[in-house]
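Trainee: What follows is a single structure, and I will ask about it in a moment.
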Amino acid sequence: MIRFDMKAGILVVVAGLFMSQPAIGENKALQELMKALLENGTIDQQTYELVLKVAEQEENELSRTPNTDNVDESIRLAVAEEVAKTAGDQPTITTNGKFEIRSKDNDFSFRAGGRIQVDAATYDEDRLRHNDGTELRRARLFASGTLWQAWAYKLQYDFTATGIDGIQDAFIDYKGFDRWKIRFGHFKEPFSLQNMTSSKYIRFMERGMPHLFAPGRNIGLAATASGGNWSFSSGIFGEGRDGSSDDNDEGYAITARGTYAPMLKEDRIFHLGLSASHRITGSTDTVRFRDRPESHLTDIRLVDTGLIDTDSFSRFAGEVVLVFGPIALEGEYYYLYLEREINRNPDPAFSGYYLQGSWFLTGETLNYSASKGSFGKLSPQGIVGKGGIGAWQLALRFSSIDLADEDIMGGEQMTMTFGLNWFPTPNLRLTANYVDVLDVKGGPAAGDEPSAFQLRAQVEF
């Protein structure tokens, strides 16, 4: 009994000594002690083997236990992995020049923005009265984005109109094909360069007079494709936002535009374009063409065809642009032919054109998009407020329109417009235009030659 207690005591002491060591296999002194106790009979073979077995198990446990540094590193890696996983599920928000939210996988995006254009004008009247004043030319908000990458949408509303008349763009795109995009909804018919260039980026406050031949926005279905230096778009379109009115059968049009840039460098561009459209008028059987003198504040139209009976009409536009660094030259020619079967009236043809040039005094060049065949947002080389003076641009345009042919006496008009644009930042633009009506022949305002000085403040966001 005493022998057993002594053995147990020795076992406890030895085990305690062992547990205080880093590993039994690495402590030769303990091994020698155990061997000596066995040889002098203090412990028997069974006790000796038991102690060694316990020691071996403890050593194995210690070898599987990481040190403090390893534990800390494991925790750090686990936390980093969890943070990365959580961040990967969060959307990205862009506020550099625009507001856009995009999911991490790019399946969904949402962008909101708009524009405000405030105008003022004073007129040097000749024969007819033009009212001086101010107006909110455009005040638009839009929302656009993507759905499952292949689908896109846009809704834009202009608060200068009311109700359904305020709707500008309202369409859905399908972009699942390699080159082609399908669009359905209310949007611009693809026709002419100045029509397809946003009012935010045209060189003057108003587009040139021949723009009255452009079809504008209608409800339709169109297909668009583009390459590195070309674009093509074609579609079928109805009439306006709410179709035909007064219980008339709605007319429709087939419209197409193609562009090609045989020279396309960062500051060297040669652009060519051609547009064509044929419209069936439906049961309304009437059209009308008239225009302001490149100033929107006045309601006076110096040329006006009045209502013309027609079953269908075709319109065409050719465009050319040359850009050499800060200098740009641009021109378009429009032609419209009406087909009238009612009362066997003759078929008149109208035409118009404009030529314009612009020069950035501060060295910028126009921002051209070959995939759209139009011009986009300008970024000044120096921003006001950050040590720069913004971008300064001079512009000059001559435009002419002829609305007199056969039995239609709508008149002819020639106009010269001078422009100065200042872009303090990419989102701000201040414009001054001087419009001089050179001549008006025939029509409702024959001989009237007014002029206008007008200003615009524009913000894009």
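Going through the structure tokens in order, the chains are called A, B, and so on, while each chain numbers its residues from 1 and the ligands are numbered from 1 in the order shown.
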Could you please write out, as a PyMOL selection string, every residue of range 299-336 of chain A that DSSP assigns to strand (DSSP E)?
Mentor: chain A and resi 303-304+308-309+312-324+327-336
Trainee: Can I get the residues of range 179-208 of chain A within 9 Å of range 329-333 of chain A, each with the closest pair of atoms and their distance in Å to one decimal, using only C-alpha atoms, sorted chain first then ascending number, as CSV?
Mentor:
```
residue,atom,partner,partner_atom,distance
A:Ser192,CA,A:Glu332,CA,7.8
A:Leu193,CA,A:Glu332,CA,7.8
A:Gln194,CA,A:Glu332,CA,8.6
```
Trainee: With a distance cut-off of 12 Å and only C-alpha atoms, select the neighbouring residues of Phe99 in chain A, excluding the residue or stretch itself and same-chain residues fewer than 6 positions from it, and output the selection as an mmCIF file with all heavy atoms, in the first residue's frame.
Mentor:
```cif
data_model
loop_
_atom_site.group_PDB
_atom_site.id
_atom_site.type_symbol
_atom_site.label_atom_id
_atom_site.label_comp_id
_atom_site.auth_asym_id
_atom_site.auth_seq_id
_atom_site.Cartn_x
_atom_site.Cartn_y
_atom_site.Cartn_z
ATOM 1 N N THR A 92 -21.721 49.936 -55.925
ATOM 2 C CA THR A 92 -20.782 51.040 -56.047
ATOM 3 C C THR A 92 -21.552 52.303 -56.415
ATOM 4 O O THR A 92 -22.473 52.268 -57.214
ATOM 5 C CB THR A 92 -19.727 50.756 -57.120
ATOM 6 O OG1 THR A 92 -20.384 50.512 -58.381
ATOM 7 C CG2 THR A 92 -18.899 49.531 -56.753
ATOM 8 N N ILE A 93 -21.169 53.421 -55.824
ATOM 9 C CA ILE A 93 -21.832 54.702 -56.064
ATOM 10 C C ILE A 93 -20.821 55.648 -56.703
ATOM 11 O O ILE A 93 -19.745 55.877 -56.152
ATOM 12 C CB ILE A 93 -22.386 55.302 -54.767
ATOM 13 C CG1 ILE A 93 -23.406 54.339 -54.142
ATOM 14 C CG2 ILE A 93 -23.030 56.659 -55.036
ATOM 15 C CD1 ILE A 93 -23.964 54.819 -52.807
ATOM 16 N N SER A 109 -28.101 48.853 -62.662
ATOM 17 C CA SER A 109 -27.571 50.195 -62.419
ATOM 18 C C SER A 109 -28.717 51.186 -62.449
ATOM 19 O O SER A 109 -29.770 50.931 -63.040
ATOM 20 C CB SER A 109 -26.518 50.572 -63.475
ATOM 21 O OG SER A 109 -27.120 50.784 -64.737
ATOM 22 N N PHE A 110 -28.484 52.320 -61.805
ATOM 23 C CA PHE A 110 -29.467 53.395 -61.787
ATOM 24 C C PHE A 110 -28.732 54.715 -61.828
ATOM 25 O O PHE A 110 -27.804 54.940 -61.041
ATOM 26 C CB PHE A 110 -30.350 53.324 -60.539
ATOM 27 C CG PHE A 110 -31.280 54.505 -60.388
ATOM 28 C CD1 PHE A 110 -32.472 54.545 -61.093
ATOM 29 C CD2 PHE A 110 -30.946 55.568 -59.568
ATOM 30 C CE1 PHE A 110 -33.323 55.642 -60.963
ATOM 31 C CE2 PHE A 110 -31.788 56.666 -59.429
ATOM 32 C CZ PHE A 110 -32.983 56.692 -60.148
ATOM 33 N N ARG A 111 -29.133 55.577 -62.747
ATOM 34 C CA ARG A 111 -28.526 56.894 -62.854
ATOM 35 C C ARG A 111 -29.623 57.947 -62.892
ATOM 36 O O ARG A 111 -30.652 57.755 -63.555
ATOM 37 C CB ARG A 111 -27.664 57.001 -64.109
ATOM 38 C CG ARG A 111 -26.979 58.369 -64.240
ATOM 39 C CD ARG A 111 -26.219 58.512 -65.529
ATOM 40 N NE ARG A 111 -25.697 59.867 -65.661
ATOM 41 C CZ ARG A 111 -25.155 60.358 -66.770
ATOM 42 N NH1 ARG A 111 -25.060 59.593 -67.834
ATOM 43 N NH2 ARG A 111 -24.713 61.590 -66.807
ATOM 44 N N ALA A 112 -29.411 59.053 -62.207
ATOM 45 C CA ALA A 112 -30.345 60.174 -62.214
ATOM 46 C C ALA A 112 -29.588 61.438 -62.602
ATOM 47 O O ALA A 112 -28.417 61.612 -62.251
ATOM 48 C CB ALA A 112 -30.992 60.352 -60.849
ATOM 49 N N GLY A 113 -30.247 62.315 -63.348
ATOM 50 C CA GLY A 113 -29.609 63.558 -63.769
ATOM 51 C C GLY A 113 -30.611 64.490 -64.414
ATOM 52 O O GLY A 113 -31.820 64.274 -64.355
ATOM 53 N N GLY A 114 -30.091 65.518 -65.057
ATOM 54 C CA GLY A 114 -30.980 66.461 -65.717
ATOM 55 C C GLY A 114 -30.234 67.672 -66.225
ATOM 56 O O GLY A 114 -29.000 67.726 -66.219
ATOM 57 N N PHE A 142 -34.092 63.104 -65.558
ATOM 58 C CA PHE A 142 -34.180 61.779 -66.166
ATOM 59 C C PHE A 142 -33.700 60.721 -65.191
ATOM 60 O O PHE A 142 -32.925 60.989 -64.261
ATOM 61 C CB PHE A 142 -33.376 61.713 -67.470
ATOM 62 C CG PHE A 142 -31.886 61.648 -67.273
ATOM 63 C CD1 PHE A 142 -31.236 60.442 -67.016
ATOM 64 C CD2 PHE A 142 -31.105 62.793 -67.349
ATOM 65 C CE1 PHE A 142 -29.868 60.386 -66.831
ATOM 66 C CE2 PHE A 142 -29.741 62.752 -67.171
ATOM 67 C CZ PHE A 142 -29.117 61.529 -66.906
ATOM 68 N N ALA A 143 -34.177 59.522 -65.424
ATOM 69 C CA ALA A 143 -33.697 58.334 -64.721
ATOM 70 C C ALA A 143 -33.402 57.280 -65.772
ATOM 71 O O ALA A 143 -34.208 57.060 -66.681
ATOM 72 C CB ALA A 143 -34.741 57.819 -63.728
ATOM 73 N N SER A 144 -32.256 56.647 -65.675
ATOM 74 C CA SER A 144 -31.881 55.621 -66.640
ATOM 75 C C SER A 144 -31.100 54.540 -65.917
ATOM 76 O O SER A 144 -30.643 54.719 -64.786
ATOM 77 C CB SER A 144 -31.044 56.212 -67.781
ATOM 78 O OG SER A 144 -29.814 56.730 -67.282
ATOM 79 N N GLY A 145 -30.918 53.413 -66.579
ATOM 80 C CA GLY A 145 -30.165 52.341 -65.954
ATOM 81 C C GLY A 145 -30.217 51.067 -66.758
ATOM 82 O O GLY A 145 -30.691 51.034 -67.900
ATOM 83 N N GLU A 460 -25.775 71.136 -66.113
ATOM 84 C CA GLU A 460 -26.061 69.734 -66.367
ATOM 85 C C GLU A 460 -25.620 68.933 -65.152
ATOM 86 O O GLU A 460 -24.538 69.158 -64.610
ATOM 87 C CB GLU A 460 -25.305 69.273 -67.618
ATOM 88 C CG GLU A 460 -25.395 67.789 -67.894
ATOM 89 C CD GLU A 460 -24.457 67.355 -68.998
ATOM 90 O OE1 GLU A 460 -23.727 68.214 -69.538
ATOM 91 O OE2 GLU A 460 -24.428 66.149 -69.298
ATOM 92 N N PHE A 461 -26.467 68.018 -64.706
ATOM 93 C CA PHE A 461 -26.120 67.247 -63.517
ATOM 94 C C PHE A 461 -26.581 65.796 -63.664
ATOM 95 O O PHE A 461 -27.301 65.462 -64.587
ATOM 96 C CB PHE A 461 -26.736 67.866 -62.257
ATOM 97 C CG PHE A 461 -28.229 68.068 -62.354
ATOM 98 C CD1 PHE A 461 -29.099 67.086 -61.924
ATOM 99 C CD2 PHE A 461 -28.760 69.232 -62.894
ATOM 100 C CE1 PHE A 461 -30.474 67.253 -62.002
ATOM 101 C CE2 PHE A 461 -30.132 69.425 -62.986
ATOM 102 C CZ PHE A 461 -30.993 68.441 -62.541
#
```
Trainee: Taking only C-alpha atoms into account, name the residue in A:Thr298, A:Thr365, A:Ala370, A:Tyr174 that is nearest to Pro262 in chain A.
Mentor: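 For Pro262 in chain A, the nearest of the candidates is A:Ala370.
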Trainee: For CA of Arg203 in chain A and CA of Pro215 in chain A, quote the distance in Å rounded to one decimal.
Mentor: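 Those two atoms sit 20.6 Å apart.
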Trainee: Considering only C-alpha atoms, state which residue in the set A:Gly390, A:Pro190, A:Gly447, A:Gly240 is at the smallest distance from Ala223 in chain A.
Mentor: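 Ranking A:Gly390, A:Pro190, A:Gly447, A:Gly240 by distance to Ala223 in chain A, first place goes to A:Pro190.
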Trainee: Met414 in chain A: which residues within 12 Å, counting only C-alpha atoms, same-chain residues fewer than 3 positions away excluded, as a ChimeraX atom specification?
Mentor: /A:208-210,292-294,302-303,352-355,397-403,411,417,435-441,446-451
Trainee: Using only C-alpha atoms, determine which residues lie at most 6 Å from range 310-323 of chain A, disregarding the query and same-chain residues fewer than 3 positions distant; provide the list as a PyMOL selection string.
Mentor: chain A and resi 192+268-281+285-286+327-340
Trainee: Based on the backbone DSSP call, show me all residues of range 176-411 of chain A assigned alpha helix (DSSP H), as a PyMOL selection string.
Mentor: chain A and resi 193-196
Trainee: Using only C-alpha atoms, which residues sit within 10 Å of Thr425 in chain A once same-chain residues fewer than 5 positions away are excluded, as a PyMOL selection string?
Mentor: chain A and resi 378-386+388-391+459
Trainee: Looking at only C-alpha atoms, which of A:Leu38, A:Ile254, A:Leu361, A:Ala432 is the one that sits closest to Phe191 in chain A?
Mentor: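 Nearest candidate to Phe191 in chain A out of A:Leu38, A:Ile254, A:Leu361, A:Ala432: A:Ile254.
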Trainee: For Phe171 in chain A, which residue among A:Gly419, A:Leu141, A:Asn218, A:Thr134 is the nearest when counting only C-alpha atoms?
Mentor: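 Checking each candidate against Phe171 in chain A, we get A:Asn218 as the closest.
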Trainee: Of the candidates A:Asp249, A:Leu212, A:Gly410, A:Leu394, which one gets nearest to Gly363 in chain A if we count only C-alpha atoms?
Mentor: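 Among A:Asp249, A:Leu212, A:Gly410, A:Leu394, it is A:Leu394 that comes nearest to Gly363 in chain A.
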Trainee: With distances taken over only C-alpha atoms, which of A:Gln46, A:Thr224, A:Gln413, A:Asn421 is nearest to Arg301 in chain A?
Mentor: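 Residue with the minimum atom-to-atom distance to Arg301 in chain A: A:Gln413.
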Trainee: Pick out the residues sitting within 10 Å of Leu147 in chain A, and hand them over as a list in words; count only C-alpha atoms, and ignore anything fewer than 4 positions along from it in its own chain.
Mentor: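 That gives Asn106, Asp107, Phe108, Ser109, Phe110, Trp151, Ala152, Tyr153, Asp173 and Tyr174 of chain A.
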Trainee: Could you write out that same residue set with all heavy atoms as a short mmCIF file (atom, residue, chain, number, x, y, z; two decimals), in the first residue's frame?
Mentor:
```
data_model
loop_
_atom_site.label_atom_id
_atom_site.label_comp_id
_atom_site.auth_asym_id
_atom_site.auth_seq_id
_atom_site.Cartn_x
_atom_site.Cartn_y
_atom_site.Cartn_z
N ASN A 106 -22.67 44.19 -61.83
CA ASN A 106 -23.04 45.00 -63.01
C ASN A 106 -24.35 44.56 -63.66
O ASN A 106 -24.64 44.97 -64.79
CB ASN A 106 -21.93 44.99 -64.06
CG ASN A 106 -20.74 45.82 -63.64
OD1 ASN A 106 -20.90 46.87 -63.03
ND2 ASN A 106 -19.54 45.35 -63.96
N ASP A 107 -25.14 43.75 -62.98
CA ASP A 107 -26.44 43.36 -63.54
C ASP A 107 -27.43 44.51 -63.48
O ASP A 107 -28.33 44.60 -64.33
CB ASP A 107 -27.01 42.16 -62.77
CG ASP A 107 -26.41 40.84 -63.24
OD1 ASP A 107 -25.76 40.84 -64.31
OD2 ASP A 107 -26.59 39.82 -62.56
N PHE A 108 -27.29 45.39 -62.49
CA PHE A 108 -28.25 46.48 -62.31
C PHE A 108 -27.51 47.80 -62.13
O PHE A 108 -26.44 47.84 -61.52
CB PHE A 108 -29.15 46.22 -61.11
CG PHE A 108 -29.93 44.95 -61.18
CD1 PHE A 108 -29.42 43.78 -60.62
CD2 PHE A 108 -31.16 44.91 -61.83
CE1 PHE A 108 -30.13 42.60 -60.69
CE2 PHE A 108 -31.87 43.73 -61.91
CZ PHE A 108 -31.36 42.57 -61.34
N SER A 109 -28.10 48.85 -62.66
CA SER A 109 -27.57 50.20 -62.42
C SER A 109 -28.72 51.19 -62.45
O SER A 109 -29.77 50.93 -63.04
CB SER A 109 -26.52 50.57 -63.47
OG SER A 109 -27.12 50.78 -64.74
N PHE A 110 -28.48 52.32 -61.80
CA PHE A 110 -29.47 53.40 -61.79
C PHE A 110 -28.73 54.72 -61.83
O PHE A 110 -27.80 54.94 -61.04
CB PHE A 110 -30.35 53.32 -60.54
CG PHE A 110 -31.28 54.50 -60.39
CD1 PHE A 110 -32.47 54.55 -61.09
CD2 PHE A 110 -30.95 55.57 -59.57
CE1 PHE A 110 -33.32 55.64 -60.96
CE2 PHE A 110 -31.79 56.67 -59.43
CZ PHE A 110 -32.98 56.69 -60.15
N TRP A 151 -30.63 44.56 -70.60
CA TRP A 151 -31.76 45.48 -70.75
C TRP A 151 -31.38 46.85 -70.18
O TRP A 151 -30.65 46.95 -69.21
CB TRP A 151 -32.99 44.96 -70.01
CG TRP A 151 -33.48 43.65 -70.54
CD1 TRP A 151 -33.10 42.40 -70.15
CD2 TRP A 151 -34.44 43.47 -71.58
NE1 TRP A 151 -33.76 41.45 -70.87
CE2 TRP A 151 -34.60 42.07 -71.77
CE3 TRP A 151 -35.21 44.33 -72.37
CZ2 TRP A 151 -35.47 41.53 -72.69
CZ3 TRP A 151 -36.09 43.80 -73.29
CH2 TRP A 151 -36.21 42.43 -73.45
N ALA A 152 -31.91 47.90 -70.82
CA ALA A 152 -31.67 49.26 -70.35
C ALA A 152 -32.96 50.06 -70.49
O ALA A 152 -33.88 49.67 -71.24
CB ALA A 152 -30.55 49.92 -71.15
N TYR A 153 -33.03 51.19 -69.79
CA TYR A 153 -34.23 52.01 -69.83
C TYR A 153 -33.86 53.46 -69.62
O TYR A 153 -32.78 53.78 -69.09
CB TYR A 153 -35.23 51.57 -68.74
CG TYR A 153 -34.68 51.75 -67.34
CD1 TYR A 153 -34.88 52.94 -66.64
CD2 TYR A 153 -33.95 50.73 -66.72
CE1 TYR A 153 -34.38 53.11 -65.36
CE2 TYR A 153 -33.43 50.90 -65.45
CZ TYR A 153 -33.65 52.09 -64.77
OH TYR A 153 -33.13 52.26 -63.51
N ASP A 173 -34.37 49.42 -73.94
CA ASP A 173 -33.38 48.85 -74.87
C ASP A 173 -33.13 47.39 -74.55
O ASP A 173 -33.11 47.00 -73.38
CB ASP A 173 -32.04 49.59 -74.78
CG ASP A 173 -32.10 50.98 -75.39
OD1 ASP A 173 -33.02 51.24 -76.19
OD2 ASP A 173 -31.22 51.80 -75.07
N TYR A 174 -32.89 46.61 -75.61
CA TYR A 174 -32.35 45.27 -75.43
C TYR A 174 -30.98 45.22 -76.10
O TYR A 174 -30.84 45.49 -77.29
CB TYR A 174 -33.25 44.19 -76.05
CG TYR A 174 -32.66 42.81 -75.91
CD1 TYR A 174 -32.61 42.19 -74.66
CD2 TYR A 174 -32.11 42.14 -77.00
CE1 TYR A 174 -32.04 40.94 -74.51
CE2 TYR A 174 -31.55 40.88 -76.86
CZ TYR A 174 -31.51 40.29 -75.61
OH TYR A 174 -30.94 39.04 -75.46
#
```
Trainee: Using Å and a single decimal, report how far CA of Asp158 in chain A sits from CA of Asp291 in chain A.
Mentor: 21.2 Å
Trainee: Produce a table with one row for each residue of range 254-322 of chain A that has an atom at most 9 Å from any atom of range 122-132 of chain A, each row naming the nearest atom pair and its distance in Å at one decimal; use only C-alpha atoms; arrange rows by chain and rising residue number; format as CSV.
Mentor:
```
residue,atom,partner,partner_atom,distance
A:Leu297,CA,A:Asn131,CA,7.7
A:Thr298,CA,A:His130,CA,5.7
A:Asp299,CA,A:His130,CA,7.6
A:Ile300,CA,A:His130,CA,7.0
```
Trainee: Output the selection as a short mmCIF file (atom, residue, chain, number, x, y, z; two decimals), in the first residue's frame - N, CA and C atoms for each residue.
Mentor:
```cif
data_model
loop_
_atom_site.label_atom_id
_atom_site.label_comp_id
_atom_site.auth_asym_id
_atom_site.auth_seq_id
_atom_site.Cartn_x
_atom_site.Cartn_y
_atom_site.Cartn_z
N LEU A 297 -37.42 82.62 -77.83
CA LEU A 297 -38.25 83.46 -76.98
C LEU A 297 -39.39 84.13 -77.76
N THR A 298 -39.16 84.45 -79.03
CA THR A 298 -40.21 85.03 -79.84
C THR A 298 -41.13 83.94 -80.38
N ASP A 299 -42.41 84.30 -80.55
CA ASP A 299 -43.37 83.38 -81.15
C ASP A 299 -43.60 83.65 -82.63
N ILE A 300 -42.89 84.62 -83.18
CA ILE A 300 -43.06 84.99 -84.58
C ILE A 300 -42.34 83.99 -85.48
#
```
